[in-house]
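S.K.: Provided herewith: run-v1.cif, mmCIF, C-alpha atoms.
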```cif
data_input
#
loop_
_atom_site.label_atom_id
_atom_site.label_comp_id
_atom_site.auth_asym_id
_atom_site.auth_seq_id
_atom_site.Cartn_x
_atom_site.Cartn_y
_atom_site.Cartn_z
CA MET Z 21 -175.62 -17.51 -29.27
CA ALA Z 22 -179.35 -18.12 -29.18
CA GLU Z 23 -181.92 -17.53 -26.47
CA ILE Z 24 -184.27 -20.35 -25.58
CA PRO Z 25 -187.19 -19.68 -23.22
CA PHE Z 26 -188.36 -22.36 -20.79
CA PRO Z 27 -191.96 -21.69 -19.77
CA LEU Z 28 -193.51 -23.18 -16.64
CA PRO Z 29 -194.42 -26.67 -17.90
CA ASP Z 30 -197.83 -28.29 -17.64
CA LEU Z 31 -197.82 -29.77 -14.14
CA GLY Z 32 -200.84 -32.00 -14.76
CA GLU Z 33 -203.90 -32.42 -12.55
CA GLY Z 34 -205.48 -29.31 -14.06
CA LEU Z 35 -202.98 -27.06 -12.29
CA ILE Z 36 -202.73 -23.64 -13.89
CA GLU Z 37 -200.02 -21.98 -11.82
CA ALA Z 38 -197.26 -22.47 -9.28
CA THR Z 39 -195.59 -20.32 -6.65
CA VAL Z 40 -191.81 -19.93 -6.69
CA LEU Z 41 -190.31 -21.22 -3.43
CA GLU Z 42 -186.59 -20.93 -4.11
CA TRP Z 43 -184.26 -20.59 -7.07
CA LEU Z 44 -181.47 -23.18 -7.16
CA VAL Z 45 -179.62 -21.38 -9.97
CA ALA Z 46 -178.79 -17.73 -10.58
CA GLU Z 47 -178.58 -15.65 -13.73
CA GLY Z 48 -175.20 -16.26 -15.33
CA ASP Z 49 -174.92 -19.85 -14.08
CA GLN Z 50 -173.97 -22.60 -16.49
CA VAL Z 51 -176.34 -25.54 -15.93
CA GLU Z 52 -176.46 -29.13 -17.07
CA ARG Z 53 -179.53 -30.89 -18.39
CA ASN Z 54 -181.58 -32.32 -15.46
CA GLN Z 55 -179.86 -30.06 -12.92
CA PRO Z 56 -182.47 -28.76 -10.43
CA LEU Z 57 -183.48 -25.22 -11.42
CA VAL Z 58 -186.15 -24.11 -9.03
CA GLU Z 59 -188.50 -25.30 -6.28
CA VAL Z 60 -192.15 -24.43 -6.84
CA GLU Z 61 -195.34 -25.13 -4.93
CA THR Z 62 -198.77 -25.84 -6.37
CA THR Z 63 -202.05 -26.21 -4.53
CA LYS Z 64 -201.28 -29.95 -4.37
CA SER Z 65 -197.59 -30.33 -3.60
CA ALA Z 66 -194.11 -28.86 -3.71
CA LEU Z 67 -191.80 -29.95 -6.50
CA GLU Z 68 -188.39 -29.34 -7.99
CA LEU Z 69 -188.10 -28.61 -11.69
CA PRO Z 70 -185.03 -30.00 -13.44
CA SER Z 71 -183.45 -28.15 -16.34
CA PRO Z 72 -184.71 -29.36 -19.74
CA GLN Z 73 -181.29 -28.66 -21.25
CA SER Z 74 -177.71 -27.54 -20.76
CA GLY Z 75 -176.87 -23.89 -21.19
CA LYS Z 76 -176.29 -20.58 -19.49
CA VAL Z 77 -179.11 -19.12 -17.41
CA LEU Z 78 -179.70 -15.70 -18.94
CA LYS Z 79 -182.83 -14.73 -17.03
CA VAL Z 80 -185.00 -16.16 -14.25
CA HIS Z 81 -188.60 -15.02 -13.85
CA GLY Z 82 -190.27 -14.67 -10.48
CA ALA Z 83 -188.93 -14.10 -6.97
CA PRO Z 84 -189.81 -16.43 -4.08
CA GLY Z 85 -193.51 -15.99 -3.38
CA ASP Z 86 -194.36 -14.94 -6.94
CA VAL Z 87 -197.01 -16.88 -8.87
CA ILE Z 88 -196.15 -18.09 -12.38
CA LYS Z 89 -198.86 -19.30 -14.76
CA VAL Z 90 -198.35 -22.50 -16.75
CA GLY Z 91 -196.88 -21.45 -20.10
CA ASP Z 92 -195.46 -18.16 -18.81
CA PRO Z 93 -191.68 -17.63 -18.95
CA LEU Z 94 -189.72 -19.20 -16.12
CA VAL Z 95 -186.15 -19.27 -17.41
CA VAL Z 96 -184.36 -18.05 -20.50
CA PHE Z 97 -181.29 -20.03 -21.52
CA GLU Z 98 -178.45 -18.94 -23.73
CA VAL Z 99 -176.98 -21.72 -25.85
CA PRO Z 100 -174.50 -21.82 -28.75
CA ASP Z 101 -176.20 -21.41 -32.13
CA ASP Z 102 -175.41 -24.92 -33.31
CA THR Z 103 -177.05 -26.40 -30.19
CA ALA Z 104 -180.00 -24.07 -30.62
CA GLY Z 105 -180.50 -25.40 -34.13
CA ILE Z 106 -180.87 -28.90 -32.79
CA VAL Z 107 -183.17 -27.82 -29.97
CA GLY Z 108 -185.08 -25.68 -32.45
CA THR Z 109 -186.11 -28.78 -34.38
CA VAL Z 110 -188.09 -30.01 -31.40
CA PRO Z 111 -191.69 -28.97 -31.90
CA ARG Z 112 -193.34 -26.82 -29.26
CA GLU Z 113 -195.86 -29.57 -28.53
CA GLU Z 114 -193.00 -31.34 -26.74
CA ALA Z 115 -193.48 -29.14 -23.70
CA PRO Z 116 -195.93 -31.44 -21.85
CA LYS Z 117 -193.46 -34.31 -22.21
CA ARG Z 118 -191.08 -32.46 -19.94
CA ARG Z 119 -193.58 -32.92 -17.20
CA VAL Z 120 -193.50 -36.66 -17.82
CA ARG Z 121 -189.74 -36.67 -17.47
CA LEU Z 122 -190.07 -35.43 -13.89
CA SER Z 123 -191.56 -38.76 -12.99
CA ALA Z 124 -189.96 -40.83 -15.72
CA ASN Z 125 -188.64 -43.24 -13.14
CA LEU Z 126 -192.15 -44.33 -12.42
CA ASP Z 127 -193.12 -44.90 -15.98
CA ASP Z 128 -190.41 -47.12 -17.38
CA ASP Z 129 -191.20 -50.38 -15.66
CA MET J 17 -174.74 -36.80 -12.91
CA ALA J 18 -177.10 -39.64 -12.16
CA MET J 19 -180.15 -37.41 -11.65
CA ALA J 20 -183.42 -38.82 -12.90
CA THR J 21 -181.82 -41.62 -14.85
CA GLY J 22 -181.93 -44.05 -11.93
CA ARG J 23 -183.78 -47.00 -13.23
CA HIS J 24 -186.63 -48.81 -11.68
CA ALA J 25 -185.04 -52.14 -10.94
CA GLY J 26 -188.00 -53.54 -9.01
CA ALA J 27 -187.71 -55.80 -6.02
CA SER J 28 -185.09 -58.48 -6.57
CA ALA J 29 -187.00 -61.00 -4.50
CA HIS J 30 -190.52 -61.08 -3.24
CA HIS J 31 -191.89 -62.62 -0.08
CA THR J 32 -195.21 -62.37 1.65
CA VAL J 33 -195.61 -61.43 5.32
CA GLU J 34 -197.71 -63.85 7.35
CA GLY J 35 -198.94 -65.30 4.07
CA THR J 36 -200.41 -62.06 2.80
CA ASP J 37 -199.05 -60.11 -0.15
CA PRO J 38 -199.64 -56.46 0.75
CA GLY J 39 -199.40 -55.45 -2.92
CA LEU J 40 -197.14 -52.53 -2.14
CA ASN J 41 -195.40 -50.71 -4.97
CA VAL J 42 -191.66 -50.88 -4.39
CA GLN J 43 -189.18 -48.89 -6.44
CA THR J 44 -185.44 -49.19 -6.17
CA PHE J 45 -183.04 -46.73 -7.76
CA GLU J 46 -179.36 -47.45 -8.40
CA PRO J 47 -176.74 -44.70 -8.47
CA GLU J 48 -174.16 -44.55 -11.25
CA ASP J 49 -171.35 -44.32 -8.71
CA ALA J 50 -172.32 -46.18 -5.56
CA ALA J 51 -170.91 -44.92 -2.26
CA ALA J 52 -169.80 -47.47 0.34
CA LEU J 53 -172.88 -46.72 2.42
CA PRO J 54 -176.11 -48.59 3.18
CA PRO J 55 -179.24 -48.28 1.04
CA VAL J 56 -181.74 -45.57 1.99
CA LEU J 57 -185.38 -46.49 2.64
CA LEU J 58 -187.85 -43.67 1.97
CA ILE J 59 -191.23 -43.60 3.76
CA HIS J 60 -193.69 -40.96 2.51
CA GLY J 61 -196.45 -39.13 4.37
CA PHE J 62 -200.24 -39.41 4.58
CA ALA J 63 -202.00 -38.81 1.24
CA SER J 64 -198.62 -38.56 -0.52
CA SER J 65 -196.65 -41.13 -2.55
CA VAL J 66 -193.19 -42.07 -3.77
CA ALA J 67 -193.81 -39.90 -6.83
CA LEU J 68 -194.91 -36.79 -4.94
CA ASN J 69 -192.87 -37.02 -1.77
CA TRP J 70 -189.60 -38.31 -3.20
CA VAL J 71 -189.34 -38.19 -7.00
CA GLN J 72 -190.96 -34.93 -8.10
CA SER J 73 -189.59 -33.22 -4.99
CA GLY J 74 -186.05 -33.96 -6.19
CA TRP J 75 -185.06 -36.32 -3.35
CA VAL J 76 -184.38 -39.38 -5.48
CA PRO J 77 -182.10 -37.53 -7.94
CA ALA J 78 -180.25 -35.85 -5.04
CA LEU J 79 -179.70 -39.18 -3.25
CA LEU J 80 -178.56 -40.86 -6.48
CA ASP J 81 -176.12 -38.02 -7.07
CA ALA J 82 -174.76 -38.67 -3.59
CA GLY J 83 -174.16 -42.30 -4.59
CA ARG J 84 -177.00 -43.69 -2.50
CA ARG J 85 -179.05 -46.72 -3.42
CA VAL J 86 -182.73 -45.90 -2.81
CA ILE J 87 -185.62 -48.15 -1.79
CA ALA J 88 -188.97 -46.37 -1.93
CA VAL J 89 -192.38 -47.80 -1.08
CA ASP J 90 -195.92 -46.52 -1.63
CA LEU J 91 -197.89 -47.08 1.57
CA PRO J 92 -201.11 -49.15 1.26
CA GLY J 93 -203.87 -47.18 -0.47
CA HIS J 94 -201.32 -44.66 -1.74
CA GLY J 95 -199.61 -44.11 -5.08
CA LEU J 96 -199.39 -47.32 -7.10
CA SER J 97 -199.90 -49.68 -4.15
CA ALA J 98 -202.98 -51.82 -3.66
CA ALA J 99 -205.84 -50.50 -1.54
CA PRO J 100 -207.10 -53.52 0.40
CA GLU J 101 -210.54 -53.37 1.98
CA ASP J 102 -209.60 -54.73 5.42
CA VAL J 103 -208.45 -52.23 8.02
CA ASP J 104 -205.70 -54.55 9.31
CA SER J 105 -203.73 -54.02 6.09
CA TYR J 106 -203.24 -50.40 7.14
CA SER J 107 -202.14 -50.92 10.73
CA PRO J 108 -198.76 -49.31 11.49
CA SER J 109 -197.41 -52.60 12.87
CA ARG J 110 -198.43 -54.43 9.70
CA ILE J 111 -196.85 -51.71 7.54
CA ARG J 112 -193.61 -51.94 9.56
CA ALA J 113 -193.49 -55.70 9.03
CA ASP J 114 -194.01 -55.18 5.30
CA LEU J 115 -191.27 -52.53 5.18
CA LEU J 116 -188.86 -54.90 6.90
CA GLN J 117 -189.58 -57.62 4.35
CA ILE J 118 -189.31 -55.17 1.45
CA ALA J 119 -185.97 -53.75 2.68
CA THR J 120 -184.61 -57.27 3.15
CA ASP J 121 -185.82 -58.38 -0.28
CA ALA J 122 -184.20 -55.25 -1.77
CA GLY J 123 -180.86 -56.32 -0.33
CA ALA J 124 -180.57 -54.51 3.02
CA ARG J 125 -178.49 -56.55 5.46
CA PRO J 126 -178.05 -56.25 9.24
CA LEU J 127 -175.33 -53.92 10.50
CA VAL J 128 -171.90 -55.52 10.69
CA ALA J 129 -168.97 -53.66 12.23
CA GLY J 130 -166.32 -52.88 9.63
CA HIS J 131 -168.81 -53.08 6.75
CA PRO J 132 -169.80 -49.48 5.98
CA ASP J 133 -172.42 -50.55 3.44
CA SER J 134 -174.26 -52.84 5.87
CA GLY J 135 -177.50 -51.82 7.54
CA LEU J 136 -180.19 -49.45 6.33
CA ASP J 137 -180.66 -45.69 6.56
CA VAL J 138 -184.25 -44.45 6.76
CA ILE J 139 -185.80 -41.12 5.79
CA GLY J 140 -189.45 -40.53 6.68
CA TYR J 141 -191.73 -37.56 6.25
CA SER J 142 -194.77 -36.79 8.42
CA LEU J 143 -196.61 -40.12 8.94
CA GLY J 144 -193.49 -41.68 7.40
CA SER J 145 -191.46 -40.20 10.28
CA ARG J 146 -193.67 -41.91 12.80
CA LEU J 147 -193.16 -45.21 10.97
CA ALA J 148 -189.41 -44.54 10.71
CA TRP J 149 -189.19 -43.78 14.46
CA GLU J 150 -190.87 -47.08 15.32
CA PHE J 151 -188.98 -48.98 12.64
CA GLY J 152 -185.65 -47.70 13.96
CA ALA J 153 -186.62 -48.44 17.56
CA THR J 154 -187.70 -52.00 16.78
CA GLN J 155 -184.92 -52.83 14.26
CA PRO J 156 -181.72 -51.70 16.01
CA THR J 157 -179.64 -54.40 14.32
CA LEU J 158 -180.67 -53.20 10.85
CA VAL J 159 -181.24 -49.44 10.99
CA ARG J 160 -178.07 -47.34 11.07
CA ARG J 161 -179.30 -43.73 10.95
CA LEU J 162 -182.69 -41.98 10.85
CA VAL J 163 -183.88 -38.75 9.28
CA LEU J 164 -187.30 -37.65 10.52
CA GLY J 165 -188.95 -34.91 8.46
CA GLY J 166 -191.98 -32.97 9.71
CA PRO J 167 -192.53 -35.32 12.66
CA SER J 168 -195.18 -34.97 15.35
CA SER J 169 -194.80 -35.94 18.97
CA HIS J 170 -198.49 -36.75 19.12
CA ASP J 171 -200.54 -38.28 16.32
CA PRO J 172 -202.65 -35.96 14.17
CA LEU J 173 -204.24 -38.99 12.50
CA ALA J 174 -205.23 -40.53 15.84
CA GLU J 175 -207.20 -37.37 16.66
CA PHE J 176 -208.91 -37.45 13.28
CA ASP J 177 -212.73 -37.25 13.49
CA LEU J 178 -213.58 -40.24 11.30
CA ALA J 179 -217.36 -39.92 11.69
CA ALA J 180 -217.27 -36.26 10.67
CA ALA J 181 -215.14 -37.12 7.62
CA GLN J 182 -217.57 -39.85 6.58
CA ARG J 183 -220.55 -37.48 6.96
CA PHE J 184 -218.71 -34.87 4.90
CA LEU J 185 -218.02 -37.40 2.13
CA ALA J 186 -221.61 -38.70 2.21
CA ASP J 187 -223.53 -35.43 2.13
CA GLY J 188 -221.11 -32.52 2.45
CA THR J 189 -221.79 -31.77 6.14
CA PRO J 190 -218.96 -29.38 7.10
CA ILE J 191 -216.24 -30.80 9.35
CA ALA J 192 -215.95 -28.85 12.59
CA ASP J 193 -212.47 -30.04 13.64
CA GLY J 194 -209.79 -28.00 11.86
CA SER J 195 -207.15 -30.74 11.78
CA THR J 196 -209.63 -33.32 10.40
CA SER J 197 -210.84 -30.86 7.79
CA ALA J 198 -207.27 -30.06 6.71
CA LEU J 199 -206.40 -33.77 6.39
CA VAL J 200 -209.52 -34.46 4.30
CA THR J 201 -208.71 -31.51 2.06
CA MET J 202 -205.18 -32.89 1.64
CA ALA J 203 -206.52 -36.35 0.85
CA LEU J 204 -209.02 -35.02 -1.70
CA ALA J 205 -206.21 -33.04 -3.36
CA SER J 206 -204.09 -36.16 -3.67
CA PRO J 207 -204.69 -37.42 -7.20
CA GLU J 208 -203.33 -40.91 -6.68
CA SER J 209 -204.79 -41.82 -3.33
CA ASP J 210 -207.98 -43.73 -2.70
CA MET J 211 -210.11 -41.78 -0.20
CA TYR J 212 -211.67 -44.86 1.38
CA ALA J 213 -208.25 -46.45 1.75
CA LEU J 214 -207.01 -43.30 3.44
CA LEU J 215 -209.91 -43.49 5.89
CA SER J 216 -209.04 -47.14 6.55
CA LEU J 217 -205.51 -46.04 7.32
CA VAL J 218 -206.83 -43.42 9.74
CA GLU J 219 -208.98 -46.07 11.38
CA ALA J 220 -206.00 -48.39 11.75
CA VAL J 221 -203.83 -45.59 13.14
CA LYS J 222 -206.51 -44.79 15.71
CA GLU J 223 -206.21 -48.38 16.89
CA GLU J 224 -202.42 -48.06 17.14
CA PRO J 225 -201.76 -44.38 17.85
CA PHE J 226 -198.19 -43.10 17.94
CA ASP J 227 -196.67 -43.39 21.39
CA ALA J 228 -193.17 -42.03 20.93
CA ALA J 229 -192.07 -43.10 24.43
CA GLU J 230 -193.17 -46.71 23.92
CA ALA J 231 -190.23 -47.60 21.69
CA VAL J 232 -187.40 -45.09 21.38
CA PRO J 233 -184.80 -45.28 18.61
CA ARG J 234 -181.20 -45.24 19.83
CA GLN J 235 -179.59 -44.54 16.45
CA PRO J 236 -178.16 -41.16 15.43
CA ILE J 237 -181.17 -39.06 14.38
CA LEU J 238 -181.64 -35.90 12.35
CA ILE J 239 -184.98 -34.14 12.82
CA VAL J 240 -185.96 -31.58 10.16
CA ALA J 241 -189.08 -29.45 9.94
CA GLY J 242 -190.27 -26.23 8.37
CA GLU J 243 -190.10 -23.38 10.83
CA LYS J 244 -193.77 -22.61 10.03
CA ASP J 245 -194.85 -26.25 10.41
CA GLU J 246 -197.38 -26.14 13.25
CA ARG J 247 -196.25 -29.66 14.23
CA ALA J 248 -192.68 -28.43 14.77
CA ALA J 249 -193.79 -27.35 18.24
CA GLY J 250 -193.78 -31.02 19.20
CA ILE J 251 -190.14 -31.53 18.29
CA GLU J 252 -188.92 -30.61 21.77
CA ALA J 253 -191.06 -33.40 23.24
CA LEU J 254 -189.47 -35.89 20.82
CA ARG J 255 -186.03 -34.54 21.56
CA GLY J 256 -186.57 -35.19 25.25
CA LEU J 257 -186.71 -38.88 24.31
CA VAL J 258 -183.81 -38.80 21.84
CA PRO J 259 -181.24 -36.37 23.24
CA GLN J 260 -178.76 -37.56 20.61
CA ALA J 261 -180.90 -36.04 17.85
CA GLU J 262 -179.79 -33.07 15.78
CA VAL J 263 -182.57 -30.63 14.87
CA LEU J 264 -182.80 -28.42 11.79
CA LEU J 265 -185.63 -25.92 11.24
CA ILE J 266 -186.03 -24.61 7.69
CA PRO J 267 -186.80 -20.87 7.68
CA GLY J 268 -190.02 -19.82 5.97
CA ARG J 269 -191.20 -23.36 5.21
CA ASN J 270 -194.37 -25.15 6.35
CA HIS J 271 -195.37 -28.83 6.56
CA ILE J 272 -196.15 -29.04 2.83
CA ASN J 273 -193.29 -27.12 1.26
CA ALA J 274 -190.42 -28.08 3.57
CA VAL J 275 -190.28 -31.35 1.62
CA THR J 276 -188.48 -29.89 -1.39
CA ALA J 277 -186.12 -27.61 0.54
CA ARG J 278 -182.50 -27.88 -0.63
CA ALA J 279 -181.34 -27.26 2.94
CA PHE J 280 -183.33 -30.34 4.06
CA LYS J 281 -181.84 -32.55 1.35
CA GLN J 282 -178.31 -31.31 1.90
CA ALA J 283 -178.53 -31.77 5.66
CA ALA J 284 -179.96 -35.28 5.27
CA ILE J 285 -177.38 -36.34 2.69
CA GLU J 286 -174.51 -35.04 4.83
CA PHE J 287 -175.94 -36.63 7.97
CA LEU J 288 -176.36 -39.99 6.22
CA ALA J 289 -172.86 -39.86 4.73
CA ALA J 290 -171.27 -40.03 8.18
#
```
Now, as a test, write the supplied structure out as structure tokens.
M.R.:
Amino acid sequence: MAEIPFPLPDLGEGLIEATVLEWLVAEGDQVERNQPLVEVETTKSALELPSPQSGKVLKVHGAPGDVIKVGDPLVVFEVPDDTAGIVGTVPREEAPKRRVRLSANLDDD
Amino acid sequence: MAMATGRHAGASAHHTVEGTDPGLNVQTFEPEDAAALPPVLLIHGFASSVALNWVQSGWVPALLDAGRRVIAVDLPGHGLSAAPEDVDSYSPSRIRADLLQIATDAGARPLVAGHPDSGLDVIGYSLGSRLAWEFGATQPTLVRRLVLGGPSSHDPLAEFDLAAAQRFLADGTPIADGSTSALVTMALASPESDMYALLSLVEAVKEEPFDAAEAVPRQPILIVAGEKDERAAGIEALRGLVPQAEVLLIPGRNHINAVTARAFKQAAIEFLAA
């Protein structure tokens, strides 16, 4: 098994942090890619962050009301080693693209 | 799971209303496994958009997962819609006419007994709730069920101090009225919205302020608001007009962050599945 951290992604608009509103998964849960993980609120809006991958939620960071900085750990996933190898080939610079996926529906016309 | 894979199919047909193309951005989303239920029209709030109010908040994925076909529209001057210069383009009655045309073009058909997928369900938030209330009241043969999120019984936009807002934008003179100041702050924070279009909308709303008693929807209604939403106080006044309505208050949430609440989505999806 390998541990994969999911930091709070770049939310755009110069936002540097978000407040946790409510966790939609708990430690130990098995989640699918795109399954809603957590509701957060920024100074501009409230949003739901979908899971970037399938796996087991090993650790969640921040209780409701806590502020998380962009780039700080939000979730740690546990995935089988073979899956981790594949994920591990994705360069770190991919992180901002996850933000795009939140609104991908708007961008593919 | 369908989730965020719903594609942007665009409007299948396109018609103008009274010869004018309002230039509104329409997005339709198709579920992988469609339920035998009507499409759902989503109407966002002031200084928000389809992206903020419905996509990033998780509403569109949740509705697609529930097998619902979704029709979402950016209001004029908001999101990816055009921002016309004339105030008439922003009048609530004009917007309702445009929504009717858009829903029809997207395939919504009048209610027919025995056809569970006929008609249209509507979810509105904030200003979108006001529009949904009026839309339901004036389109009883089309609208099946209504979900009104963060509604007001009065009209915060109608009480907006337009002159003070214009002075503030021109030279920074502070705005005395708290509600006006809060709305301007919200509008300035909205990355996609055009400030002058938003003021045109306010101007148009002042000409046609919300009068909930003027046209009352008779459909089944679910009213949802954050418990800390200062507008939630007005819900009882609305309920006096629509005794059939169910009311859900979300603990700990305010007008801004009730939008994403799971409890709101679940209640709406269950209510609209009936």
S.K.: Scan for residues within 9 Å of the point (-200.2, -39.0, -2.8) in the coordinates of the file, using all atoms listed in the file, and reply as a PyMOL selection string.
M.R.: chain J and resi 60-69+90+94-95+203+205-209
S.K.: Limited to C-alpha atoms, could you put the picked residues into a file as a PDB file, in the frame of the given file?
M.R.:
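Listing of out_21.pdb after writing:
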```
ATOM      1  CA  HIS J  60    -193.690 -40.960   2.510  1.00  0.00           C
ATOM      2  CA  GLY J  61    -196.450 -39.130   4.370  1.00  0.00           C
ATOM      3  CA  PHE J  62    -200.240 -39.410   4.580  1.00  0.00           C
ATOM      4  CA  ALA J  63    -202.000 -38.810   1.240  1.00  0.00           C
ATOM      5  CA  SER J  64    -198.620 -38.560  -0.520  1.00  0.00           C
ATOM      6  CA  SER J  65    -196.650 -41.130  -2.550  1.00  0.00           C
ATOM      7  CA  VAL J  66    -193.190 -42.070  -3.770  1.00  0.00           C
ATOM      8  CA  ALA J  67    -193.810 -39.900  -6.830  1.00  0.00           C
ATOM      9  CA  LEU J  68    -194.910 -36.790  -4.940  1.00  0.00           C
ATOM     10  CA  ASN J  69    -192.870 -37.020  -1.770  1.00  0.00           C
ATOM     11  CA  ASP J  90    -195.920 -46.520  -1.630  1.00  0.00           C
ATOM     12  CA  HIS J  94    -201.320 -44.660  -1.740  1.00  0.00           C
ATOM     13  CA  GLY J  95    -199.610 -44.110  -5.080  1.00  0.00           C
ATOM     14  CA  ALA J 203    -206.520 -36.350   0.850  1.00  0.00           C
ATOM     15  CA  ALA J 205    -206.210 -33.040  -3.360  1.00  0.00           C
ATOM     16  CA  SER J 206    -204.090 -36.160  -3.670  1.00  0.00           C
ATOM     17  CA  PRO J 207    -204.690 -37.420  -7.200  1.00  0.00           C
ATOM     18  CA  GLU J 208    -203.330 -40.910  -6.680  1.00  0.00           C
ATOM     19  CA  SER J 209    -204.790 -41.820  -3.330  1.00  0.00           C
TER      20      SER J 209
END
```
S.K.: Give me, as a list of chain:residue names, the contact residues of chain J against chain Z at a cut-off of 6 Å, counting all atoms listed in the file.
M.R.: J:Gln72, J:Ser73, J:Gly74, J:Ala205, J:Asn273
S.K.: Mind telling me what the PyMOL selection byres ((chain J and resi 113-118) around 9) catches here, as a PyMOL selection string?
M.R.: chain J and resi 27+29-33+37-38+40+42+57+87+89+108-112+119-124+151+155
S.K.: Could you give me, as number ranges by chain, the residues within 9 Å of segment 238-242 of chain J, counting all atoms listed in the file and dropping anything in the same chain fewer than 3 positions from it?
M.R.: J: 161-167, 245-248, 251, 255, 260-275, 277, 280, 283-284, 287
S.K.: Taking only C-alpha atoms into account, which of J:Val71, J:Val76, J:Leu96, J:Ala148 comes nearest Pro47 of chain J?
M.R.: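 Under the stated criterion, the closest residue is J:Val76.
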S.K.: Report the distance between atom CA of Leu127 of chain J and atom CA of Ala231 of chain J in Å, rounded to one decimal place.
M.R.: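 A separation of 19.7 Å between them.
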S.K.: For segment 249-262 of chain J, supply N, CA and C atoms and format the output as a PDB file, keeping the file's coordinate frame.
M.R.:
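New file out.pdb:
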```
ATOM      1  N   ALA J 249    -193.744 -27.633  16.807  1.00  0.00           N
ATOM      2  CA  ALA J 249    -193.790 -27.350  18.240  1.00  0.00           C
ATOM      3  C   ALA J 249    -193.557 -28.623  19.056  1.00  0.00           C
ATOM      4  N   GLY J 250    -193.908 -29.761  18.475  1.00  0.00           N
ATOM      5  CA  GLY J 250    -193.780 -31.020  19.200  1.00  0.00           C
ATOM      6  C   GLY J 250    -192.371 -31.605  19.182  1.00  0.00           C
ATOM      7  N   ILE J 251    -191.478 -30.960  18.445  1.00  0.00           N
ATOM      8  CA  ILE J 251    -190.140 -31.530  18.290  1.00  0.00           C
ATOM      9  C   ILE J 251    -189.402 -31.608  19.623  1.00  0.00           C
ATOM     10  N   GLU J 252    -189.614 -30.593  20.479  1.00  0.00           N
ATOM     11  CA  GLU J 252    -188.920 -30.610  21.770  1.00  0.00           C
ATOM     12  C   GLU J 252    -189.307 -31.832  22.598  1.00  0.00           C
ATOM     13  N   ALA J 253    -190.604 -32.211  22.500  1.00  0.00           N
ATOM     14  CA  ALA J 253    -191.060 -33.400  23.240  1.00  0.00           C
ATOM     15  C   ALA J 253    -190.348 -34.649  22.717  1.00  0.00           C
ATOM     16  N   LEU J 254    -190.189 -34.741  21.399  1.00  0.00           N
ATOM     17  CA  LEU J 254    -189.470 -35.890  20.820  1.00  0.00           C
ATOM     18  C   LEU J 254    -188.015 -35.866  21.270  1.00  0.00           C
ATOM     19  N   ARG J 255    -187.447 -34.668  21.249  1.00  0.00           N
ATOM     20  CA  ARG J 255    -186.030 -34.540  21.560  1.00  0.00           C
ATOM     21  C   ARG J 255    -185.747 -34.940  23.014  1.00  0.00           C
ATOM     22  N   GLY J 256    -186.746 -34.757  23.872  1.00  0.00           N
ATOM     23  CA  GLY J 256    -186.570 -35.190  25.250  1.00  0.00           C
ATOM     24  C   GLY J 256    -186.328 -36.692  25.330  1.00  0.00           C
ATOM     25  N   LEU J 257    -186.872 -37.422  24.341  1.00  0.00           N
ATOM     26  CA  LEU J 257    -186.710 -38.880  24.310  1.00  0.00           C
ATOM     27  C   LEU J 257    -185.426 -39.288  23.598  1.00  0.00           C
ATOM     28  N   VAL J 258    -185.008 -38.462  22.638  1.00  0.00           N
ATOM     29  CA  VAL J 258    -183.810 -38.800  21.840  1.00  0.00           C
ATOM     30  C   VAL J 258    -182.829 -37.633  21.922  1.00  0.00           C
ATOM     31  N   PRO J 259    -182.147 -37.519  23.062  1.00  0.00           N
ATOM     32  CA  PRO J 259    -181.240 -36.370  23.240  1.00  0.00           C
ATOM     33  C   PRO J 259    -180.094 -36.360  22.233  1.00  0.00           C
ATOM     34  N   GLN J 260    -179.850 -37.508  21.603  1.00  0.00           N
ATOM     35  CA  GLN J 260    -178.760 -37.560  20.610  1.00  0.00           C
ATOM     36  C   GLN J 260    -179.143 -36.875  19.308  1.00  0.00           C
ATOM     37  N   ALA J 261    -180.438 -36.542  19.143  1.00  0.00           N
ATOM     38  CA  ALA J 261    -180.900 -36.040  17.850  1.00  0.00           C
ATOM     39  C   ALA J 261    -180.389 -34.635  17.550  1.00  0.00           C
ATOM     40  N   GLU J 262    -180.073 -34.418  16.276  1.00  0.00           N
ATOM     41  CA  GLU J 262    -179.790 -33.070  15.780  1.00  0.00           C
ATOM     42  C   GLU J 262    -181.104 -32.529  15.222  1.00  0.00           C
TER      43      GLU J 262
END
```
